[in-house]
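Here the structure comes first, spelled out in structure tokens, and everything after it is commentary.
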Amino acid sequence: MLARVRSVLAQVDLDCTCRAKLDSAFERFADLEHKRERRRLIVHAREQALRIAGLLDFMRELDDIATSEADLGVFTEIACLFADVAEAAQAGQRDMRQAARPA
């Protein structure tokens with residue numbers, strides 16, 4: 001959106017002082033927006049890390065499973081936990097890759 005506003009204002013005839021102030025204001029705004037988005041990504045990645053930690057607590061049940069386990073549904077439940085960890089890890093990874101992008 002900022003690029004579109006800049007594009008429109010670039011066509012407006014402004015004196016040099018006004019144009020410089022406007023460009024400076026746009027740069028500050030863009031920087032603030034980038035920081036806000038990076039902060040959002042970091043918070044979301046932290047949430048994913050907490051989610052993974054919680055899932056790992058449930059996965060401790062794996063220590064108690066024997067090869068003779070009668071309830072085969074336990075294996076499916078543990079498999080789902082692994083899938084949930086992978087999903088949270090991928091979401092956190094995407095967030096961190098986006099946060100690493102320059103402004």
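A note on labels: chains of the structure tokens are A, B, ... as shown, every chain counts residues from 1, and ligands are counted from 1 in their shown order.
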
Next item on the list: Identify, with DSSP run on backbone atoms, the residues in chain A assigned to alpha helix (DSSP H), and express the list as an NGL selection string.
Entry: :A and (2-10 or 16-59 or 73-99)

Next item on the list: Tell me, as a VMD selection string, which residues lie within 7 Å of stretch 49-60 of chain A, counting only C-alpha atoms; anything in the same chain fewer than 2 positions away does not count.
Entry: chain A and resid 45 to 47 62 to 63 78 81 85 88

Margin query: So the first atom is atom CA of A:Gln90 and the second is atom CA of A:Ile42; what is the distance between them in Å, to one decimal place?
Written below: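 Taking atom CA of A:Gln90 and atom CA of A:Ile42, their separation equals 13.8 Å.
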
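Between atom CA of A:Ala86 and atom CA of A:Ala103 the separation is 28.6 Å.
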
Skip A:Ala3 itself and residues of its chain fewer than 5 positions away, then list as a JSON list (two decimals) with C-alpha atoms, in the first residue's frame all residues within 10 Å of it, counting only C-alpha atoms.
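Once written, result_22.json looks like this:
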```
[["chain", "number", "residue", "atom", "x", "y", "z"],
["A", 8, "VAL", "CA", 0.57, 8.61, -6.65],
["A", 9, "LEU", "CA", 2.39, 11.31, -4.69],
["A", 26, "PHE", "CA", 7.38, 7.68, 4.40],
["A", 30, "ALA", "CA", 7.95, 2.07, 6.48]]
```

Next item on the list: For A:Phe29, list every protein, DNA or RNA residue within 12 Å, evaluated using only C-alpha atoms, and leave out those in the same chain fewer than 5 positions away; present the list as a ChimeraX atom specification.
Entry: /A:1-3,6,22-24,34-36,103

Can I get the selected residues back with C-alpha atoms, as a PDB file, in the first residue's frame?
```
ATOM      1  CA  MET A   1       0.000   0.000   0.000  1.00  0.00           C
ATOM      2  CA  LEU A   2       2.820   2.359   0.864  1.00  0.00           C
ATOM      3  CA  ALA A   3       4.324   1.856  -2.588  1.00  0.00           C
ATOM      4  CA  ARG A   6       4.265   6.888  -3.019  1.00  0.00           C
ATOM      5  CA  LEU A  22       7.215  13.644   2.759  1.00  0.00           C
ATOM      6  CA  ASP A  23       9.897  11.150   1.689  1.00  0.00           C
ATOM      7  CA  SER A  24      11.382  11.231   5.193  1.00  0.00           C
ATOM      8  CA  HIS A  34       8.712  -3.339   9.242  1.00  0.00           C
ATOM      9  CA  LYS A  35       9.547  -3.414  12.963  1.00  0.00           C
ATOM     10  CA  ARG A  36       5.896  -4.040  13.835  1.00  0.00           C
ATOM     11  CA  ALA A 103      13.295  -3.934   5.249  1.00  0.00           C
TER      12      ALA A 103
END
```

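Using only C-alpha atoms, the nearest neighbour of A:His44 within the list A:Arg101, A:Arg28, A:Arg94, A:Arg19 is A:Arg94.
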
Notebook entry, point to check: To one decimal place, how far is atom CA of A:Arg40 from atom CA of A:Ala89 in Å?
Noted result: 16.6 Å

Item checked: Residue among A:Gln98, A:Gln48, A:Ser68, A:Gln11 lying closest to A:Asp84, counting only C-alpha atoms ->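 Distance minimum relative to A:Asp84 lands on A:Gln48.
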